[in-house]
Amino acid sequence: MQKILFTLFILCVSQLVHAKLEIQIIQGNASALPIAVIPMQWRATEPRPQTGVADVVSSDLYRSGLFEPLDEQDIVDRPVDAESIRYGTWRLLKVDYIVIGHVRDAPGGTGYEIVYQLFDVHTQEALLSQVTTVGLGDLRFGAHRVADAIYEKLTGVPGAFSTRIAYISATGVGNDQNYQLFVADADGFNPQAVVGSPEPLLSPNWSPDGQALAYVSFERGNSAIYVQNVSTGQRELVSSGKGINGAPAHSPDGRYLAMTLSSSGNPEIYIRDLTTGQKRQLTQHWAIDTEPAWSPDSQWVYFTSDRGGKPQIYRVAVTGGNPSRVSLEGDYNARASISPDGTRIAMAHGRGNEYRIAVLDIDTGRTRILTPGVLDESPSFAPNGSMILYATREGPRGVLSAVSVDGNVRQRLILTEGDVREPAWSPVIR
Amino acid sequence: MNTTWRFLLALVIAVSISACKTTEPVTDTTDTDTTDTKPATEVTTAAAPDPRDYTDARNFDNSESLLSKRVIYFDFDKSEVKYEYRPIVAAHAAYVKAHSSARVTLEGHADERGTREYNLGLGERRGNAISGLLSAAGAMGNQLDTISYGEERPVCRVSDENCWWQNRRVEIVYTAR
């Protein structure tokens, strides 16, 4: 009887943390790599989970827009070891790569070992032969690490599947409003609330080591900036002066926090040294200057300014100087997110009443619109530059979507209850 | 409603109020028959402040007075105070100037379009536009404060202009009178 109750409890809990993922293909990517991820044999003593390692790996690879994993129903053969792979079958199915493996107990009962191999179907060469070890309860994380390794092996770019996302969820109306800052896996699973407040929260921003989040909170009545350690929950009030305290942005080396303060009379960008607490004013203009974003080489701070009439993206040297305009197309460009290689900017791009996510190539100035809108905002680049997470609407409800940087694959994430907004993609945590 | 009509309306109201005279019981001093004395008539009197007296705190709750109007609306992406709202601002300026204990917070808001942090700036700009007019009319700096909530505290949540205009606002909040 106890066993039945326990099983029911586990089922209930697993339902609670189960988030729905809906994948929409915009147009097929002809150059996507066809790959078969064979369901892995379960050799561990714990009962096998509802979603297997192969499912998570396939979904991750598909979401990147660079792979075309074979549907499970088309996987006609289930080899577990190298000797039982019938390459002829996979060549017929037009698959270029195959992943096989099994999950077993880690020694000492501390967790699991995912034992897997990646083969090139044409050369029959083993490209990867690895064991990923994870603790109990971390199987999904292990599967994401497997997807990262496969992605890196075949594209040369490190994967971003085992990273995390932060976002804000608002529930209730009027005086019953509640805001929570969540941290979840990059595919939206396993959300954990790290801050809860009856007053608005916004602008979460990760530290470069992935250990802390800066954010804006109205809990003191006026906007204020906090920096909070994600594991311990401890936090520090970093800015609470008169006027706006907003848009915190950690520098790539983690030593500084750029922010928007309007204590001088209008919103300006400042840089605060997190060790000494000293701050330095970076912009000086009667316009609204906000939403700072650092270039990965720490040379530039990109920001939103309406000094030209309407919001556009500008940049200024970190050492100071005259800002120059960067966004050239469209009536409204704001909230820059810089790609990890520093060559592109994702931004909220507005025309009339419609707002979409666009990507701007910094060198050429060419702007490409990636999403259909019409109230898309808060773009956040994946730490490997392959995808962009952003906030969009579904009727009255805010939801998050992820789009591959070439615009070919778009995915909607339905996470927790409530109106979801303000996503921030964590750095790679090694 | 233009100034002329407002004046006429105020005039009509003033006349109607003055028509409500208070009545006093009449004592008949020649009547010596004490058993025939009638009890005094019960009468209630009510004061009605002049709605145009913007220094009178009672007018905050008087819907006839501009002091009861405490929300100013703005055009999309703009922070200019439109001409039609100037009399409301002037009324509050008169009150604040007359009461050195008065403290006002201008709470600035924006509709949902555009990014949240930029909208914090826009809300603040609108609040500052009102506070600038109040200062110019004689309110002291230490009596005024501006807080922006950007798009974070909407009064309605529909994505169309019927709702958007209601969110592009500054609320005049008295923290002390």
# chains A, B, ... in the order shown; residues from 1 in each chain; ligands from 1
$ interface_residues --of "chain B" --to "chain A" --cutoff "7 Å" --atoms "only C-alpha atoms" --output "list in words"
Thr115, Glu117, Tyr118, Gly121, Ile147, Glu152 and Val158 of chain B
$ residues_around --residues "B:Ala57" --least-positions-apart "5" --cutoff "12 Å" --atoms "only C-alpha atoms" --output "number ranges by chain"
B: 48-52, 62, 65-68, 91-92, 94-96, 98-99, 102, 174, 176-177
$ write_last_selection --atoms "C-alpha atoms" --output "tab-separated table (two decimals), in the first residue's frame"
chain	number	residue	atom	x	y	z
B	48	ALA	CA	-20.71	72.95	0.27
B	49	PRO	CA	-17.24	74.20	-0.54
B	50	ASP	CA	-16.83	76.32	-3.62
B	51	PRO	CA	-15.49	73.79	-6.13
B	52	ARG	CA	-13.24	76.49	-7.53
B	62	ASN	CA	-15.98	66.90	-4.46
B	65	SER	CA	-13.99	70.30	-8.32
B	66	LEU	CA	-10.84	69.90	-10.36
B	67	LEU	CA	-9.08	68.84	-7.14
B	68	SER	CA	-10.96	65.55	-7.31
B	91	ALA	CA	-5.76	73.42	-9.36
B	92	HIS	CA	-3.33	71.09	-7.63
B	94	ALA	CA	-2.86	76.15	-6.04
B	95	TYR	CA	-3.50	73.66	-3.26
B	96	VAL	CA	0.13	72.66	-2.82
B	98	ALA	CA	-1.30	77.15	-0.14
B	99	HIS	CA	-0.41	74.24	2.13
B	102	ALA	CA	1.27	69.12	1.41
B	174	TYR	CA	-1.04	63.17	-1.96
B	176	ALA	CA	0.26	64.49	3.02
B	177	ARG	CA	-2.29	67.26	2.83
$ select_by_dssp --residues "stretch 140-367 of chain A" --states "alpha helix (DSSP H)" --output "list in words"
Arg140, Phe141, Gly142, Ala143, His144, Arg145, Val146, Ala147, Asp148, Ala149, Ile150, Tyr151, Glu152, Lys153, Leu154 and Thr155 of chain A
$ select_by_dssp --residues "stretch 40-288 of chain A" --states "strand (DSSP E or B)" --output "count of residues only"
100
$ closest_residue --among "B:Phe74, B:Phe60, B:Tyr83, B:Tyr149" --to "B:Gly108" --atoms "only C-alpha atoms"
B:Tyr149
$ closest_residue --among "A:Val157, A:Leu118, A:Asp187, A:Gly101" --to "A:Tyr62" --atoms "only C-alpha atoms"
A:Asp187
$ residues_around --residues "A:Asp138" --least-positions-apart "3" --cutoff "12 Å" --atoms "only C-alpha atoms" --output "PyMOL selection string"
chain A and resi 49+53+110-114+132-135+141-145+162+185+189-190
$ residues_around --residues "A:Leu360" --least-positions-apart "6" --cutoff "7 Å" --atoms "only C-alpha atoms" --output "VMD selection string"
chain A and resid 344 to 346 366 to 368
$ write_last_selection --atoms "N, CA and C atoms" --output "short mmCIF file (atom, residue, chain, number, x, y, z; two decimals), in the first residue's frame"
data_model
loop_
_atom_site.label_atom_id
_atom_site.label_comp_id
_atom_site.auth_asym_id
_atom_site.auth_seq_id
_atom_site.Cartn_x
_atom_site.Cartn_y
_atom_site.Cartn_z
N ARG A 344 27.04 40.37 -33.51
CA ARG A 344 25.63 40.63 -33.77
C ARG A 344 24.91 41.11 -32.53
N ILE A 345 23.81 41.81 -32.77
CA ILE A 345 22.95 42.29 -31.69
C ILE A 345 21.53 41.81 -31.93
N ALA A 346 20.92 41.20 -30.93
CA ALA A 346 19.48 40.91 -31.01
C ALA A 346 18.79 42.07 -30.30
N ARG A 366 23.38 45.38 -41.45
CA ARG A 366 22.22 44.67 -41.99
C ARG A 366 21.33 44.15 -40.85
N THR A 367 20.02 44.36 -40.99
CA THR A 367 19.06 43.96 -39.96
C THR A 367 18.15 42.88 -40.52
N ARG A 368 17.98 41.81 -39.76
CA ARG A 368 17.15 40.70 -40.21
C ARG A 368 16.08 40.45 -39.15
#
$ atom_distance --atom1 "atom CA of B:Arg125" --atom2 "atom CA of B:Lys82"
14.1 Å
$ atom_distance --atom1 "atom CA of A:Val99" --atom2 "atom CA of A:Thr163"
21.7 Å
$ residues_around --residues "B:Arg70" --least-positions-apart "6" --cutoff "10 Å" --atoms "only C-alpha atoms" --output "list in words"
Phe60, Ile88, Val89, His92, Leu106, Val170, Glu171, Ile172, Val173 and Tyr174 of chain B
$ closest_residue --among "B:Asp56, B:Glu112, B:Glu161, B:Glu151" --to "B:Glu124" --atoms "only C-alpha atoms"
B:Glu151
$ decode --residues "stretch 145-187 of chain A" --atoms "C-alpha atoms" --output "compact mmCIF listing (two decimals), in the first residue's frame"
# COMPACT_ATOMS: atom_id res chain seq x y z
CA ARG A 145 25.49 17.33 -21.25
CA VAL A 146 25.35 14.49 -23.78
CA ALA A 147 23.56 16.78 -26.25
CA ASP A 148 26.21 19.47 -25.63
CA ALA A 149 29.02 17.01 -26.42
CA ILE A 150 27.35 15.80 -29.63
CA TYR A 151 26.62 19.37 -30.71
CA GLU A 152 30.19 20.46 -30.12
CA LYS A 153 31.66 17.42 -31.88
CA LEU A 154 29.60 17.95 -35.01
CA THR A 155 29.47 21.77 -35.22
CA GLY A 156 32.69 22.82 -33.54
CA VAL A 157 30.69 25.12 -31.26
CA PRO A 158 30.13 24.27 -27.58
CA GLY A 159 26.56 23.28 -26.77
CA ALA A 160 24.30 25.40 -24.55
CA PHE A 161 21.78 22.74 -23.58
CA SER A 162 22.98 22.22 -20.02
CA THR A 163 22.59 25.91 -19.21
CA ARG A 164 19.79 27.66 -17.35
CA ILE A 165 17.32 30.43 -17.95
CA ALA A 166 15.91 33.02 -15.57
CA TYR A 167 12.53 34.69 -16.09
CA ILE A 168 9.78 36.55 -14.27
CA SER A 169 6.27 35.18 -13.81
CA ALA A 170 3.36 37.42 -12.73
CA THR A 171 0.13 35.96 -11.39
CA GLY A 172 -3.08 37.42 -9.97
CA VAL A 173 -4.71 40.78 -10.59
CA GLY A 174 -5.03 44.06 -8.73
CA ASN A 175 -4.05 43.80 -5.06
CA ASP A 176 -3.46 40.06 -5.32
CA GLN A 177 -0.60 40.35 -7.75
CA ASN A 178 2.41 38.21 -7.15
CA TYR A 179 5.74 38.26 -8.97
CA GLN A 180 8.35 35.53 -8.95
CA LEU A 181 11.82 35.29 -10.43
CA PHE A 182 12.38 31.70 -11.62
CA VAL A 183 15.47 29.77 -12.66
CA ALA A 184 14.83 26.75 -14.92
CA ASP A 185 16.76 24.46 -17.28
CA ALA A 186 17.34 25.94 -20.74
CA ASP A 187 14.45 23.86 -22.11
